[in-house]
file upload-v3.cif (mmCIF, C-alpha atoms)
data_data
loop_
_atom_site.label_atom_id
_atom_site.label_comp_id
_atom_site.auth_asym_id
_atom_site.auth_seq_id
_atom_site.Cartn_x
_atom_site.Cartn_y
_atom_site.Cartn_z
CA MET E 1 -50.00 -7.83 -19.11
CA SER E 2 -50.96 -11.38 -20.01
CA HIS E 3 -48.36 -14.07 -19.62
CA SER E 4 -48.37 -17.20 -21.72
CA THR E 5 -45.86 -18.65 -19.26
CA ARG E 6 -45.23 -17.90 -15.66
CA CYS E 7 -42.37 -15.57 -14.68
CA ALA E 8 -39.35 -17.00 -12.86
CA ALA E 9 -40.67 -15.69 -9.54
CA CYS E 10 -44.06 -17.35 -9.87
CA LYS E 11 -42.48 -20.60 -11.09
CA SER E 12 -40.12 -20.59 -8.11
CA LEU E 13 -42.98 -19.87 -5.72
CA LYS E 14 -45.18 -22.46 -7.48
CA ARG E 15 -48.10 -20.13 -8.02
CA ARG E 16 -50.14 -18.74 -10.91
CA CYS E 17 -48.64 -15.64 -12.48
CA PRO E 18 -51.33 -12.90 -12.35
CA LYS E 19 -51.68 -10.42 -15.20
CA ASP E 20 -50.48 -7.60 -12.93
CA CYS E 21 -47.48 -9.51 -11.52
CA VAL E 22 -44.96 -6.92 -10.26
CA LEU E 23 -42.04 -9.32 -10.64
CA ALA E 24 -42.78 -10.61 -14.18
CA PRO E 25 -41.07 -7.80 -16.18
CA TYR E 26 -37.86 -8.12 -14.16
CA PHE E 27 -37.59 -11.87 -13.64
CA PRO E 28 -38.36 -13.54 -17.00
CA PRO E 29 -38.95 -17.30 -17.19
CA ASN E 30 -35.74 -17.88 -19.17
CA ASN E 31 -33.53 -16.70 -16.25
CA PRO E 32 -34.72 -18.51 -13.10
CA GLN E 33 -31.31 -18.17 -11.38
CA ARG E 34 -31.71 -14.39 -11.19
CA PHE E 35 -34.86 -14.66 -9.06
CA ALA E 36 -33.43 -17.58 -7.06
CA CYS E 37 -30.55 -15.40 -5.80
CA VAL E 38 -32.82 -12.45 -5.04
CA HIS E 39 -35.33 -14.72 -3.27
CA LYS E 40 -32.58 -16.35 -1.21
CA ILE E 41 -31.22 -13.01 0.06
CA PHE E 42 -34.26 -10.69 0.17
CA GLY E 43 -37.30 -12.98 0.01
CA ALA E 44 -40.19 -12.71 -2.45
CA SER E 45 -42.34 -10.47 -0.26
CA ASN E 46 -39.55 -7.95 0.43
CA THR E 47 -38.54 -7.92 -3.24
CA THR E 48 -42.14 -7.19 -4.26
CA LYS E 49 -42.48 -4.44 -1.63
CA MET E 50 -39.21 -2.77 -2.65
CA LEU E 51 -40.17 -2.79 -6.34
CA GLU E 52 -43.65 -1.43 -5.61
CA GLN E 53 -42.15 1.49 -3.67
CA LEU E 54 -40.13 2.58 -6.71
CA PRO E 55 -41.54 4.67 -9.56
CA LEU E 56 -42.21 2.58 -12.68
CA HIS E 57 -39.29 4.03 -14.61
CA LEU E 58 -36.81 3.00 -11.86
CA ARG E 59 -38.06 -0.53 -11.18
CA ALA E 60 -35.81 -2.18 -13.77
CA VAL E 61 -32.79 -0.51 -12.21
CA GLY E 62 -33.98 -1.54 -8.75
CA ALA E 63 -34.37 -5.15 -9.86
CA ASP E 64 -30.89 -5.07 -11.42
CA CYS E 65 -29.42 -3.68 -8.19
CA MET E 66 -31.15 -6.29 -6.06
CA SER E 67 -29.99 -9.02 -8.42
CA PHE E 68 -26.39 -7.77 -8.32
CA GLU E 69 -26.38 -7.44 -4.54
CA ALA E 70 -27.97 -10.87 -4.11
CA SER E 71 -25.57 -12.64 -6.49
CA SER E 72 -22.62 -10.89 -4.79
CA ARG E 73 -23.90 -11.96 -1.38
CA VAL E 74 -24.40 -15.58 -2.58
CA GLU E 75 -20.88 -15.58 -4.03
CA ASP E 76 -19.31 -13.97 -0.94
CA PRO E 77 -21.62 -14.31 2.10
CA VAL E 78 -19.41 -12.20 4.39
CA TYR E 79 -18.59 -9.15 2.25
CA GLY E 80 -20.98 -9.36 -0.72
CA SER E 81 -20.70 -6.32 -2.98
CA VAL E 82 -18.57 -4.49 -0.38
CA ARG E 83 -15.57 -6.57 -1.51
CA ILE E 84 -16.01 -5.33 -5.08
CA ILE E 85 -16.50 -1.74 -3.92
CA SER E 86 -13.33 -1.95 -1.80
CA GLN E 87 -11.34 -3.32 -4.74
CA LEU E 88 -12.59 -0.51 -6.95
CA GLN E 89 -11.71 2.11 -4.31
CA GLU E 90 -8.17 0.66 -4.10
CA GLN E 91 -7.86 0.88 -7.88
CA ILE E 92 -9.00 4.52 -7.76
CA ILE E 93 -6.42 5.31 -5.07
CA GLU E 94 -3.69 3.59 -7.11
CA ALA E 95 -4.72 5.48 -10.24
CA GLN E 96 -4.75 8.80 -8.37
CA SER E 97 -1.31 8.05 -6.94
CA GLU E 98 0.02 7.20 -10.38
CA LEU E 99 -1.53 10.41 -11.74
CA VAL E 100 0.18 12.50 -9.03
CA LYS E 101 3.49 10.76 -9.77
CA THR E 102 3.11 11.35 -13.51
CA LYS E 103 2.21 15.02 -12.99
CA GLY E 104 5.31 15.36 -10.80
CA GLU E 105 7.47 13.81 -13.51
CA ILE E 106 5.97 16.18 -16.08
CA ASP E 107 6.63 19.18 -13.81
CA PHE E 108 10.19 17.99 -13.22
CA HIS E 109 10.74 17.58 -16.97
CA ASN E 110 9.29 21.04 -17.66
CA ALA E 111 11.53 22.56 -14.97
CA GLN E 112 14.57 20.89 -16.51
CA GLN E 113 13.65 22.23 -19.93
CA GLN E 114 13.15 25.70 -18.51
CA LEU E 115 16.56 25.58 -16.82
CA GLN E 116 18.15 24.45 -20.06
CA GLN E 117 16.46 27.26 -21.97
CA GLN E 118 17.42 29.99 -19.48
CA PRO E 119 21.13 30.09 -20.46
CA MET E 120 20.11 30.28 -24.11
CA GLN E 121 17.75 33.17 -23.37
CA GLN E 122 20.46 34.92 -21.34
CA LEU E 123 22.93 34.52 -24.20
CA GLN E 124 20.38 35.93 -26.63
CA MET E 125 19.80 38.91 -24.31
CA ILE E 126 23.54 39.48 -23.93
CA HIS E 127 23.98 39.26 -27.69
CA ALA E 128 21.22 41.83 -28.22
CA ILE E 129 22.78 44.18 -25.68
CA ALA E 130 26.19 43.73 -27.25
CA GLN E 131 24.80 44.65 -30.64
CA GLU E 132 23.35 47.83 -29.17
CA GLY E 133 26.88 48.80 -28.25
CA GLU E 134 27.23 51.29 -25.51
CA ASP E 135 24.06 53.19 -26.37
CA GLN E 136 22.13 54.43 -23.41
CA PRO E 137 19.04 52.30 -22.70
CA LEU E 138 15.81 53.66 -24.17
CA TRP E 139 14.05 53.70 -20.82
CA LEU E 140 16.46 56.31 -19.45
CA SER E 141 15.75 59.92 -20.31
CA SER E 142 18.62 62.25 -21.07
CA SER E 143 18.22 63.94 -17.68
CA GLN E 144 18.57 60.66 -15.75
CA GLN E 145 21.84 59.04 -15.04
CA ASP E 146 22.26 55.30 -15.64
CA PRO E 147 22.02 53.68 -12.16
CA PHE E 148 24.08 50.73 -13.40
CA PRO E 149 26.72 52.28 -15.64
CA ASN E 150 28.95 49.21 -15.81
CA VAL E 151 26.25 46.58 -16.41
CA ASN E 152 26.15 46.88 -20.20
CA GLN E 153 29.93 46.91 -20.34
CA GLN E 154 30.14 43.87 -18.04
CA LEU E 155 27.53 41.96 -20.12
CA LEU E 156 29.48 42.78 -23.28
CA GLU E 157 32.71 41.56 -21.72
CA ASP E 158 30.99 38.37 -20.48
CA TYR E 159 29.56 37.80 -23.95
CA ASN E 160 32.90 38.30 -25.63
CA TYR E 161 34.53 36.01 -23.08
CA SER E 162 31.92 33.28 -23.61
CA ASN E 163 32.62 33.34 -27.35
CA THR E 164 36.38 32.84 -26.95
CA PHE E 165 38.37 29.94 -25.60
CA CYS E 166 42.10 30.34 -25.05
CA GLY E 167 42.08 33.32 -27.36
CA PHE E 168 40.18 31.56 -30.16
CA GLU E 169 36.82 32.99 -31.22
CA PHE E 170 33.87 30.70 -31.96
#

call {"tool": "encode", "arguments": {"input": "upload-v3.cif", "output": "structure tokens"}}
result
Amino acid sequence: MSHSTRCAACKSLKRRCPKDCVLAPYFPPNNPQRFACVHKIFGASNTTKMLEQLPLHLRAVGADCMSFEASSRVEDPVYGSVRIISQLQEQIIEAQSELVKTKGEIDFHNAQQQLQQQPMQQLQMIHAIAQEGEDQPLWLSSSQQDPFPNVNQQLLEDYNYSNTFCGFEF
């Protein structure tokens, strides 16, 4: 690759930029600060060695990672990118906690709705049984005796009671 101008790395190192410069594609001359950070943290020789160890298709990603790590380390010499990672982990924990809380609220709401619907379903069942009258249930054969002979009668009485108030029918 021929370069009409030197890459940021070669400019910073005050040397000629060879045609096969490993750093040229990742440190263009219009962004000298990018190489300055990487050089300050990793050094030119280590940066070149790390990029040469990577397959060609991963070198751009490697250069981006080194640039990010270096700029993070320049910005925060003690923690570097670890500070950002810790903040992101805290946000994940907060989001997971909020998700668990929201799922709990949804479950609570669903349980409340189910409890509110149960009396309605029971009334519908009682009404259906009351309409059947005192007919023997279909699941009993004529040779079997009803094990709960007073249940249908009790449900009918409960239904009739629930539809009256002080002798007035609703």

call {"tool": "closest_residue", "arguments": {"input": "upload-v3.cif", "among": "E:His57, E:Val100, E:Leu51, E:Arg83", "to": "E:Glu69", "atoms": "only C-alpha atoms"}}
result
E:Arg83

call {"tool": "resolve_selection", "arguments": {"input": "upload-v3.cif", "expression": "the PyMOL selection byres ((chain E and resi 9) around 12)", "output": "ChimeraX atom specification"}}
result
/E:5-8,10-18,21-40,43-45,47-48

call {"tool": "write_last_selection", "arguments": {"input": "upload-v3.cif", "atoms": "C-alpha atoms", "output": "compact mmCIF listing (two decimals), in the coordinates of the input"}}
result
# COMPACT_ATOMS: atom_id res chain seq x y z
CA THR E 5 -45.86 -18.65 -19.26
CA ARG E 6 -45.23 -17.90 -15.66
CA CYS E 7 -42.37 -15.57 -14.68
CA ALA E 8 -39.35 -17.00 -12.86
CA CYS E 10 -44.06 -17.35 -9.87
CA LYS E 11 -42.48 -20.60 -11.09
CA SER E 12 -40.12 -20.59 -8.11
CA LEU E 13 -42.98 -19.87 -5.72
CA LYS E 14 -45.18 -22.46 -7.48
CA ARG E 15 -48.10 -20.13 -8.02
CA ARG E 16 -50.14 -18.74 -10.91
CA CYS E 17 -48.64 -15.64 -12.48
CA PRO E 18 -51.33 -12.90 -12.35
CA CYS E 21 -47.48 -9.51 -11.52
CA VAL E 22 -44.96 -6.92 -10.26
CA LEU E 23 -42.04 -9.32 -10.64
CA ALA E 24 -42.78 -10.61 -14.18
CA PRO E 25 -41.07 -7.80 -16.18
CA TYR E 26 -37.86 -8.12 -14.16
CA PHE E 27 -37.59 -11.87 -13.64
CA PRO E 28 -38.36 -13.54 -17.00
CA PRO E 29 -38.95 -17.30 -17.19
CA ASN E 30 -35.74 -17.88 -19.17
CA ASN E 31 -33.53 -16.70 -16.25
CA PRO E 32 -34.72 -18.51 -13.10
CA GLN E 33 -31.31 -18.17 -11.38
CA ARG E 34 -31.71 -14.39 -11.19
CA PHE E 35 -34.86 -14.66 -9.06
CA ALA E 36 -33.43 -17.58 -7.06
CA CYS E 37 -30.55 -15.40 -5.80
CA VAL E 38 -32.82 -12.45 -5.04
CA HIS E 39 -35.33 -14.72 -3.27
CA LYS E 40 -32.58 -16.35 -1.21
CA GLY E 43 -37.30 -12.98 0.01
CA ALA E 44 -40.19 -12.71 -2.45
CA SER E 45 -42.34 -10.47 -0.26
CA THR E 47 -38.54 -7.92 -3.24
CA THR E 48 -42.14 -7.19 -4.26

call {"tool": "atom_distance", "arguments": {"input": "upload-v3.cif", "atom1": "atom CA of E:Glu94", "atom2": "atom CA of E:Ser67"}}
result
29.2 Å

call {"tool": "atom_distance", "arguments": {"input": "upload-v3.cif", "atom1": "atom CA of E:Gly62", "atom2": "atom CA of E:Glu75"}}
result
19.8 Å

call {"tool": "atom_distance", "arguments": {"input": "upload-v3.cif", "atom1": "atom CA of E:Met120", "atom2": "atom CA of E:Lys103"}}
result
26.0 Å

call {"tool": "closest_residue", "arguments": {"input": "upload-v3.cif", "among": "E:Leu123, E:Ile106, E:Met50, E:Leu99", "to": "E:Cys65", "atoms": "only C-alpha atoms"}}
result
E:Met50

call {"tool": "residues_around", "arguments": {"input": "upload-v3.cif", "residues": "E:Val82", "least_positions_apart": "4", "cutoff": "12 Å", "atoms": "all atoms listed in the file", "output": "VMD selection string"}}
result
chain E and resid 68 to 70 72 to 73 75 to 78 86 to 89

call {"tool": "axis_aligned_box", "arguments": {"input": "upload-v3.cif", "around": "stretch 92-98 of chain E", "padding_each_side": "5 Å", "output": "JSON"}}
result
{"center_x": -4.5, "center_y": 6.2, "center_z": -7.7, "size_x": 19.0, "size_y": 15.2, "size_z": 15.3}
